[in-house]
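S.K.: Here it is, the structure in full.
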Protein chains: 2
Amino acid sequence: MHGLELRSLATSDGQLRLSLEDATPGAPAADELVVRVEAAPINPSDLGLLIGPADMATARAEGTPEQPVVVADIPRQRMGAIRDRLDQSLAVGNEGAGTVVEAGDNVRHFLGRKVGMLGGGMYAQLRRLPARDCIVLPEGVDVADGASMFVNPLTALGFTETMKADGHRAIVHTAAASNLGQMLNRICIKDGIGLVNIVRSQAQVDLLRAIGARHIVDSTSPGFPAELARAIRDTGATIAFDAIGGGTLAGQILQAMEASADRGAGYSPYGSNARKQVHVYGSLDTGPTVLNRTFGFTWSVGGWLLSPFLQKVGREVAARMRQRVADELTTTFASRYTRTISLRDALQLDILRGYERKATGEKYLIDPSR
Amino acid sequence: MHGLELRSLATSDGQLRLSLEDATPGAPAADELVVRVEAAPINPSDLGLLIGPADMATARAEGTPEQPVVVADIPRQRMGAIRDRLDQSLAVGNEGAGTVVEAGDNVRHFLGRKVGMLGGGMYAQLRRLPARDCIVLPEGVDVADGASMFVNPLTALGFTETMKADGHRAIVHTAAASNLGQMLNRICIKDGIGLVNIVRSQAQVDLLRAIGARHIVDSTSPGFPAELARAIRDTGATIAFDAIGGGTLAGQILQAMEASADRGAGYSPYGSNARKQVHVYGSLDTGPTVLNRTFGFTWSVGGWLLSPFLQKVGREVAARMRQRVADELTTTFASRYTRTISLRDALQLDILRGYERKATGEKYLIDPSR
């Protein structure tokens, strides 16, 4: 058996090269499966590996219609950050779903079943991987539903778990109309957790209102600072998850939290003692984070990633989170895709520019079997 | 009994007013002392309350030579941050030392003893306070030595305690030639802890070299980024304490830490899994903190304050820290003052401009008994 897989190569002479290679998964070991991949989402977290630091304004098509290749330039000042991946052809795609077509001796009961998978290299027609990285999809669940059962669901649940573990009681979320943001709303509504949604347009306000979100603030509104402060006071949110990273928003959130904090013992030039935390989990704006420190000294801004979080909480909590995702896969954790494309489509310049934009509300699914 | 005390008043019409008021401490309760204050340092942490957000370029002298008053304007955009202190006359001065002149029934054994004190309002000729906030100075220890036995010593020890509690093994410190920075060097040399000192001039390099500091980098050097990365690699520092706050330095420290981190499992677009932490404990630069996020997602920047730290570690650790300060007061924790002034001197414009500058290496002591 063999099939196409998408590869991303950054060369030491400063070029990014995306191509489809013919690959043979090889025979499965005793505990392994070979899966025909039928659905794999393009998450923002996949684009880091796929496109990395290349300047996509320079992207050009090379190769043939059958063997499309996209080449783009990598600005010299960004080369240092990727020195560990230079000249290595990398497989891409964190998660996916498909049908088991071969199975090792210990896991033959998987044969013919549809599974969701986590483990990288999912933008491929065939993927060999350990059976423990696969979850059999419940009856009636489509591969499109099962393709996104790890990254977004576990991240959204990771936010509420982090909130509880650190003793906060409500959450602020930015870029809140995203697929992940909608999921987080469904979790918070179901679990009775206060959630302040920060969005960037009236259309996104309407979208979230329609799914039942209560606290929505539009950062393009002239009254944004006061509206944000009011929503934070109403919910008591002291922890935020920020997909944007760059700009002044993280600091504005901290300032709004400080404004509604209990001063307790009266004035201190160091501000209130109320803890205020922003976790940056994305980089939609790759520019610098600018913190105008008008919120005292009891604050923290830092990175948040799913894998270290899952390692920290341990197997039991992680297993409980996965079970909840499986139980509520077509309700709380449902993903909506705006477009399904083939592997070859993924290397068409116009389509590539579409998913590379990371527009809120747009979500692409790759079906490598097309 | 009565005596002068320095008061700071921010009015709701936008003026800061510093004055000397005649005050009566009142008779001590059973567990209280009245102390004649003979030494109180001007720490950067005192200036927040004393001067607050006033624009000292507008400062002017009012009052009389006997009753000096300084008035300065507070920029309108800074008024919001101090609304909790408006129109309240505040006593100033976190710590000091002096001679016990009255004592309550339960603490009469303090009478006539020299004590170090923590508790605010030390820029005064007389201070009434609970005996538990006083430490009797050892024989041969002068009030000038005892006046600074809390803020800087416990802060410097707090840095190494935080380092150990959070599993780091070496420290980066900025504005490292300060009184506090010199103290931190003496602690780290004695305890065998790696310390990267970041300073802003060759004179400060020389100063720290002379007291035995090993790793010193000058942020004004053209080779600063590479020199910082080398010092961080040599020490293995993954935690920093930053007195500056504003500008790009915190981010540069994180980038240098990331550059020397163990990549372990190879390339990830999210950077290494090595924890990287900057604690901002001062605001020598009140401008925005600008983080160019070129250091992956495993990082944190946040405020650090002594009082919450002491509360968090609990009585036992705090008591151990205080005991060490008392034991090493004239060696590890010795403070040097460049000028001793009276309360009236503190309200002379030229002198005020001197201590308000917070120049590294300069440290003022107020002797209210002068």
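Order determines the names: the first chain of the structure tokens is A, the second B, and so forth; residues in each chain are numbered 1 upward, and ligands are numbered 1 upward as they are shown.
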Could you give me, as a tab-separated table, a per-residue list for chain A showing, wherever an atom lies at most 6 Å from an atom of chain B, the closest pair of atoms and their distance in Å to one decimal, using only C-alpha atoms and sorting by chain then residue number from low to high?
M.R.:
```
residue	atom	partner	partner_atom	distance
A:Gly48	CA	B:Pro269	CA	5.6
A:Leu49	CA	B:Pro269	CA	5.9
A:Asp84	CA	B:Tyr267	CA	5.2
A:Arg85	CA	B:Tyr267	CA	5.5
A:Tyr267	CA	B:Asp84	CA	5.2
A:Pro269	CA	B:Gly48	CA	5.6
A:Pro288	CA	B:Asn292	CA	4.4
A:Thr289	CA	B:Leu291	CA	5.0
A:Val290	CA	B:Val290	CA	4.7
A:Leu291	CA	B:Thr289	CA	5.0
A:Asn292	CA	B:Pro288	CA	4.4
A:Phe297	CA	B:Gly303	CA	4.4
A:Thr298	CA	B:Gly303	CA	5.3
A:Trp299	CA	B:Gly302	CA	5.3
A:Ser300	CA	B:Gly302	CA	3.9
A:Val301	CA	B:Val301	CA	5.3
A:Gly302	CA	B:Ser300	CA	3.9
A:Gly303	CA	B:Phe297	CA	4.3
```
S.K.: Tell me which protein, DNA and RNA residues are within 12 Å of Ala165 in chain A, counting only C-alpha atoms, leaving out same-chain ones fewer than 3 positions away, and put them as a list in words.
M.R.: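 Answer for this query is Gly158, Phe159, Thr160, Glu161, Thr162, His168, Arg169, Ile239, Phe309, Lys312, Val313 and Val317 of chain A.
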S.K.: Okay, now the selection with N, CA, C and O atoms, as an mmCIF file, in the first residue's frame?
M.R.:
```
data_model
loop_
_atom_site.group_PDB
_atom_site.id
_atom_site.type_symbol
_atom_site.label_atom_id
_atom_site.label_comp_id
_atom_site.auth_asym_id
_atom_site.auth_seq_id
_atom_site.Cartn_x
_atom_site.Cartn_y
_atom_site.Cartn_z
ATOM 1 N N GLY A 158 -9.626 22.362 28.566
ATOM 2 C CA GLY A 158 -8.421 22.733 29.308
ATOM 3 C C GLY A 158 -8.544 24.118 29.924
ATOM 4 O O GLY A 158 -8.021 24.378 31.012
ATOM 5 N N PHE A 159 -9.250 25.013 29.240
ATOM 6 C CA PHE A 159 -9.450 26.364 29.790
ATOM 7 C C PHE A 159 -10.268 26.301 31.086
ATOM 8 O O PHE A 159 -9.898 26.898 32.093
ATOM 9 N N THR A 160 -11.397 25.566 31.046
ATOM 10 C CA THR A 160 -12.231 25.536 32.257
ATOM 11 C C THR A 160 -11.540 24.737 33.364
ATOM 12 O O THR A 160 -11.670 25.073 34.535
ATOM 13 N N GLU A 161 -10.779 23.700 32.984
ATOM 14 C CA GLU A 161 -10.040 22.946 34.006
ATOM 15 C C GLU A 161 -8.963 23.827 34.652
ATOM 16 O O GLU A 161 -8.752 23.796 35.864
ATOM 17 N N THR A 162 -8.261 24.609 33.832
ATOM 18 C CA THR A 162 -7.238 25.514 34.366
ATOM 19 C C THR A 162 -7.876 26.547 35.290
ATOM 20 O O THR A 162 -7.363 26.848 36.368
ATOM 21 N N HIS A 168 -10.035 30.337 39.981
ATOM 22 C CA HIS A 168 -10.809 31.427 39.384
ATOM 23 C C HIS A 168 -12.247 30.949 39.200
ATOM 24 O O HIS A 168 -12.534 29.760 39.273
ATOM 25 N N ARG A 169 -13.156 31.904 38.888
ATOM 26 C CA ARG A 169 -14.542 31.458 38.764
ATOM 27 C C ARG A 169 -15.202 31.862 37.451
ATOM 28 O O ARG A 169 -16.342 31.486 37.189
ATOM 29 N N ILE A 239 -9.341 35.362 35.006
ATOM 30 C CA ILE A 239 -8.420 34.592 34.158
ATOM 31 C C ILE A 239 -8.881 34.755 32.716
ATOM 32 O O ILE A 239 -10.081 34.774 32.444
ATOM 33 N N PHE A 309 -0.150 21.133 29.435
ATOM 34 C CA PHE A 309 -1.268 21.140 30.378
ATOM 35 C C PHE A 309 -1.730 19.717 30.672
ATOM 36 O O PHE A 309 -1.926 19.333 31.826
ATOM 37 N N LYS A 312 0.614 17.956 32.867
ATOM 38 C CA LYS A 312 0.599 18.451 34.238
ATOM 39 C C LYS A 312 -0.580 17.882 35.036
ATOM 40 O O LYS A 312 -0.422 17.492 36.192
ATOM 41 N N VAL A 313 -1.761 17.847 34.398
ATOM 42 C CA VAL A 313 -2.923 17.392 35.160
ATOM 43 C C VAL A 313 -2.928 15.888 35.377
ATOM 44 O O VAL A 313 -3.607 15.390 36.280
ATOM 45 N N VAL A 317 -7.247 12.947 34.944
ATOM 46 C CA VAL A 317 -7.992 14.116 34.479
ATOM 47 C C VAL A 317 -8.078 14.105 32.959
ATOM 48 O O VAL A 317 -9.145 14.350 32.374
#
```
S.K.: In Å, with one decimal, what is the gap from CA of Val217 in chain A to CA of Ala203 in chain A?
M.R.: 11.9 Å
S.K.: Name all residues at most 10 Å from range 342-349 of chain B (count only C-alpha atoms; drop same-chain ones fewer than 5 positions away) and give them as a tab-separated table (two decimals) with N, CA, C and O atoms, in the first residue's frame.
M.R.:
```
chain	number	residue	atom	x	y	z
B	4	LEU	N	7.20	66.02	64.45
B	4	LEU	CA	6.84	66.22	63.05
B	4	LEU	C	6.69	64.89	62.32
B	4	LEU	O	7.39	63.92	62.63
B	5	GLU	N	5.81	64.88	61.35
B	5	GLU	CA	5.81	63.74	60.44
B	5	GLU	C	5.50	64.20	59.02
B	5	GLU	O	4.81	65.19	58.81
B	6	LEU	N	6.08	63.46	58.07
B	6	LEU	CA	5.93	63.82	56.66
B	6	LEU	C	4.62	63.22	56.15
B	6	LEU	O	4.34	62.05	56.39
B	18	LEU	N	3.16	67.73	49.62
B	18	LEU	CA	3.99	67.11	50.64
B	18	LEU	C	4.22	68.15	51.74
B	18	LEU	O	4.59	69.28	51.46
B	19	SER	N	4.04	67.73	52.98
B	19	SER	CA	4.18	68.70	54.07
B	19	SER	C	4.65	67.99	55.34
B	19	SER	O	4.66	66.75	55.41
B	20	LEU	N	5.07	68.79	56.32
B	20	LEU	CA	5.39	68.27	57.64
B	20	LEU	C	4.27	68.69	58.59
B	20	LEU	O	3.93	69.87	58.66
B	38	GLU	N	15.18	57.39	64.24
B	38	GLU	CA	16.49	58.02	64.03
B	38	GLU	C	17.07	57.69	62.65
B	38	GLU	O	18.10	58.26	62.25
B	39	ALA	N	16.42	56.80	61.93
B	39	ALA	CA	16.92	56.43	60.60
B	39	ALA	C	15.80	55.75	59.82
B	39	ALA	O	15.16	54.83	60.34
B	42	ILE	N	15.09	55.89	52.16
B	42	ILE	CA	14.16	56.17	51.05
B	42	ILE	C	14.39	55.08	50.01
B	42	ILE	O	15.36	55.10	49.25
B	56	MET	N	7.05	65.58	38.64
B	56	MET	CA	7.91	66.35	39.53
B	56	MET	C	8.63	67.49	38.81
B	56	MET	O	9.25	68.34	39.45
B	59	ALA	N	7.18	70.56	40.20
B	59	ALA	CA	7.25	70.75	41.65
B	59	ALA	C	7.70	72.16	42.01
B	59	ALA	O	8.59	72.73	41.36
B	60	ARG	N	7.06	72.75	43.03
B	60	ARG	CA	7.46	74.08	43.50
B	60	ARG	C	7.37	74.12	45.02
B	60	ARG	O	6.59	73.38	45.64
B	61	ALA	N	8.21	75.00	45.61
B	61	ALA	CA	8.24	75.13	47.06
B	61	ALA	C	7.18	76.12	47.50
B	61	ALA	O	7.04	77.19	46.92
B	62	GLU	N	6.44	75.73	48.54
B	62	GLU	CA	5.52	76.66	49.19
B	62	GLU	C	5.82	76.60	50.68
B	62	GLU	O	6.79	76.00	51.10
B	65	PRO	N	10.47	78.16	55.62
B	65	PRO	CA	11.62	77.31	55.94
B	65	PRO	C	11.31	76.35	57.10
B	65	PRO	O	11.71	75.19	57.08
B	66	GLU	N	10.58	76.83	58.09
B	66	GLU	CA	10.22	75.98	59.23
B	66	GLU	C	9.15	74.95	58.86
B	66	GLU	O	9.12	73.86	59.39
B	67	GLN	N	8.26	75.33	57.97
B	67	GLN	CA	7.13	74.47	57.58
B	67	GLN	C	7.14	74.32	56.07
B	67	GLN	O	6.24	74.81	55.38
B	68	PRO	N	8.15	73.63	55.53
B	68	PRO	CA	8.24	73.54	54.07
B	68	PRO	C	7.08	72.73	53.49
B	68	PRO	O	6.62	71.76	54.11
B	69	VAL	N	6.64	73.14	52.34
B	69	VAL	CA	5.58	72.42	51.61
B	69	VAL	C	6.03	72.32	50.15
B	69	VAL	O	6.56	73.30	49.61
B	70	VAL	N	5.86	71.16	49.55
B	70	VAL	CA	6.14	71.00	48.12
B	70	VAL	C	4.82	70.67	47.43
B	70	VAL	O	4.07	69.80	47.90
B	71	VAL	N	4.57	71.35	46.32
B	71	VAL	CA	3.34	71.12	45.56
B	71	VAL	C	3.74	70.75	44.12
B	71	VAL	O	4.68	71.33	43.57
B	123	TYR	N	8.65	58.14	58.27
B	123	TYR	CA	9.24	59.47	58.09
B	123	TYR	C	8.58	60.40	59.10
B	123	TYR	O	7.82	61.29	58.76
B	124	ALA	N	8.89	60.15	60.36
B	124	ALA	CA	8.26	60.85	61.49
B	124	ALA	C	9.22	60.86	62.65
B	124	ALA	O	10.09	59.98	62.76
B	125	GLN	N	9.08	61.85	63.52
B	125	GLN	CA	9.98	61.89	64.67
B	125	GLN	C	9.60	60.86	65.72
B	125	GLN	O	10.47	60.32	66.42
B	354	GLY	N	17.09	64.91	43.91
B	354	GLY	CA	18.20	63.96	44.02
B	354	GLY	C	17.72	62.55	44.32
B	354	GLY	O	18.05	61.60	43.61
B	355	TYR	N	16.87	62.39	45.34
B	355	TYR	CA	16.45	61.02	45.68
B	355	TYR	C	15.34	60.52	44.77
B	355	TYR	O	15.17	59.32	44.58
B	364	TYR	N	19.47	57.35	49.95
B	364	TYR	CA	19.28	58.39	50.95
B	364	TYR	C	18.71	57.78	52.23
B	364	TYR	O	17.88	56.87	52.19
B	365	LEU	N	19.16	58.36	53.36
B	365	LEU	CA	18.62	57.97	54.66
B	365	LEU	C	18.05	59.22	55.32
B	365	LEU	O	18.70	60.27	55.34
B	366	ILE	N	16.83	59.12	55.82
B	366	ILE	CA	16.24	60.24	56.58
B	366	ILE	C	16.51	59.99	58.07
B	366	ILE	O	16.24	58.89	58.57
B	367	ASP	N	17.05	61.01	58.74
B	367	ASP	CA	17.17	60.97	60.20
B	367	ASP	C	16.20	62.01	60.77
B	367	ASP	O	16.54	63.20	60.85
B	368	PRO	N	15.00	61.58	61.17
B	368	PRO	CA	13.99	62.55	61.62
B	368	PRO	C	14.37	63.25	62.93
B	368	PRO	O	13.76	64.26	63.28
B	369	SER	N	15.39	62.72	63.64
B	369	SER	CA	15.77	63.34	64.92
B	369	SER	C	16.70	64.53	64.71
B	369	SER	O	17.05	65.23	65.65
B	370	ARG	N	17.14	64.75	63.49
B	370	ARG	CA	18.02	65.89	63.21
B	370	ARG	C	17.28	67.22	63.32
B	370	ARG	O	16.16	67.31	62.82
```
S.K.: What separation in Å, quoted to one decimal, exists between CA of Val100 in chain B and CA of Thr331 in chain B?
M.R.: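 Atom-to-atom, CA of Val100 in chain B and CA of Thr331 in chain B are spaced 25.0 Å apart.
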S.K.: Distance CA of Gly121 in chain A-CA of Ala23 in chain A, one decimal place?
M.R.: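 Result for CA of Gly121 in chain A versus CA of Ala23 in chain A: 11.6 Å, one decimal.
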S.K.: Taking the chain letters and numbering used in this document, name the residues of range 127-368 of chain A that DSSP puts in helix (DSSP H, G or I), as number ranges by chain.
M.R.: A: 131-133, 143-146, 151-165, 179-191, 202-210, 224-235, 249-259, 306-313, 315-327, 343-346, 349-356
S.K.: Please provide as JSON, numbers by chain all residues within 9 Å of His2 in chain A, with the sequence filter that same-chain residues fewer than 3 positions apart are discarded (counting only C-alpha atoms).
M.R.: {"A": [22, 23, 24, 25, 26, 125, 126]}
S.K.: Now that the selection is made, can you save its residues with N, CA and C atoms as a tab-separated table (two decimals), in the first residue's frame?
M.R.:
```
chain	number	residue	atom	x	y	z
A	22	ASP	N	4.85	10.58	-2.49
A	22	ASP	CA	4.28	9.23	-2.43
A	22	ASP	C	4.97	8.48	-1.30
A	23	ALA	N	4.17	7.95	-0.39
A	23	ALA	CA	4.76	7.33	0.80
A	23	ALA	C	4.13	5.97	1.07
A	24	THR	N	4.90	5.11	1.68
A	24	THR	CA	4.44	3.77	2.04
A	24	THR	C	4.39	3.68	3.56
A	25	PRO	N	3.24	3.45	4.15
A	25	PRO	CA	3.20	3.45	5.62
A	25	PRO	C	3.95	2.27	6.23
A	26	GLY	N	4.08	1.18	5.50
A	26	GLY	CA	4.72	-0.01	6.06
A	26	GLY	C	3.71	-0.84	6.83
A	125	GLN	N	-2.83	10.16	2.84
A	125	GLN	CA	-3.89	9.21	2.49
A	125	GLN	C	-3.88	8.01	3.42
A	126	LEU	N	-2.68	7.62	3.89
A	126	LEU	CA	-2.56	6.48	4.80
A	126	LEU	C	-1.69	6.88	5.99
```
S.K.: From the DSSP assignment of the backbone, select every residue of range 144-351 of chain A that is strand (DSSP E), and format the answer as a PyMOL selection string.
M.R.: chain A and resi 170-174+194-199+215-218+239-242+245-247+277-280+285-291+300-303+339-341
S.K.: For range 107-113 of chain A, work out the shell of residues within 8 Å, counting only C-alpha atoms and skipping chain neighbours fewer than 5 positions away, then give it as a list of chain:residue names.
M.R.: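 Listed by chain and then number, they are A:Ala30, A:Asp31, A:Glu32, A:Leu33, A:Thr99, A:Val100, A:Val101, A:Glu102, A:Ala131, A:Val136, A:Leu137.
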S.K.: Store the residues of this selection in a file with N, CA, C and O atoms, as a CSV table (one decimal), in the first residue's frame.
M.R.:
```csv
chain,number,residue,atom,x,y,z
A,30,ALA,N,2.5,-5.1,16.1
A,30,ALA,CA,1.4,-5.9,16.8
A,30,ALA,C,0.4,-4.9,17.4
A,30,ALA,O,-0.8,-5.3,17.4
A,31,ASP,N,0.8,-3.7,17.8
A,31,ASP,CA,-0.2,-2.8,18.5
A,31,ASP,C,-0.5,-1.6,17.6
A,31,ASP,O,-1.0,-0.6,18.1
A,32,GLU,N,-0.2,-1.8,16.3
A,32,GLU,CA,-0.4,-0.6,15.4
A,32,GLU,C,-1.5,-0.8,14.4
A,32,GLU,O,-1.9,-2.0,14.1
A,33,LEU,N,-2.0,0.3,13.9
A,33,LEU,CA,-3.0,0.3,12.8
A,33,LEU,C,-2.5,1.1,11.6
A,33,LEU,O,-1.7,1.9,11.8
A,99,THR,N,-10.7,5.3,8.3
A,99,THR,CA,-11.1,3.9,8.4
A,99,THR,C,-9.9,3.0,8.6
A,99,THR,O,-9.0,3.2,7.8
A,100,VAL,N,-9.9,2.1,9.5
A,100,VAL,CA,-8.8,1.2,9.7
A,100,VAL,C,-8.8,0.2,8.6
A,100,VAL,O,-9.7,-0.5,8.4
A,101,VAL,N,-7.6,0.2,7.9
A,101,VAL,CA,-7.5,-0.8,6.8
A,101,VAL,C,-6.5,-1.9,7.0
A,101,VAL,O,-6.6,-2.9,6.3
A,102,GLU,N,-5.6,-1.7,8.0
A,102,GLU,CA,-4.8,-2.8,8.4
A,102,GLU,C,-4.6,-2.8,9.9
A,102,GLU,O,-4.6,-1.7,10.5
A,131,ALA,N,-2.4,1.9,18.1
A,131,ALA,CA,-3.8,1.9,18.4
A,131,ALA,C,-4.2,2.8,19.5
A,131,ALA,O,-5.3,3.3,19.6
A,136,VAL,N,-12.2,4.7,18.7
A,136,VAL,CA,-13.3,4.3,17.8
A,136,VAL,C,-14.4,5.2,17.9
A,136,VAL,O,-14.9,5.6,19.0
A,137,LEU,N,-14.9,5.7,16.8
A,137,LEU,CA,-16.0,6.6,16.8
A,137,LEU,C,-17.3,5.9,17.1
A,137,LEU,O,-17.6,4.8,16.7
```
S.K.: Mind checking which residues fall within 10 Å of Gly194 in chain B, counting only C-alpha atoms, ignoring those fewer than 5 positions away in the same chain, and posting them as number ranges by chain?
M.R.: B: 169-172, 185, 188-189, 213-215, 231-232, 234-237
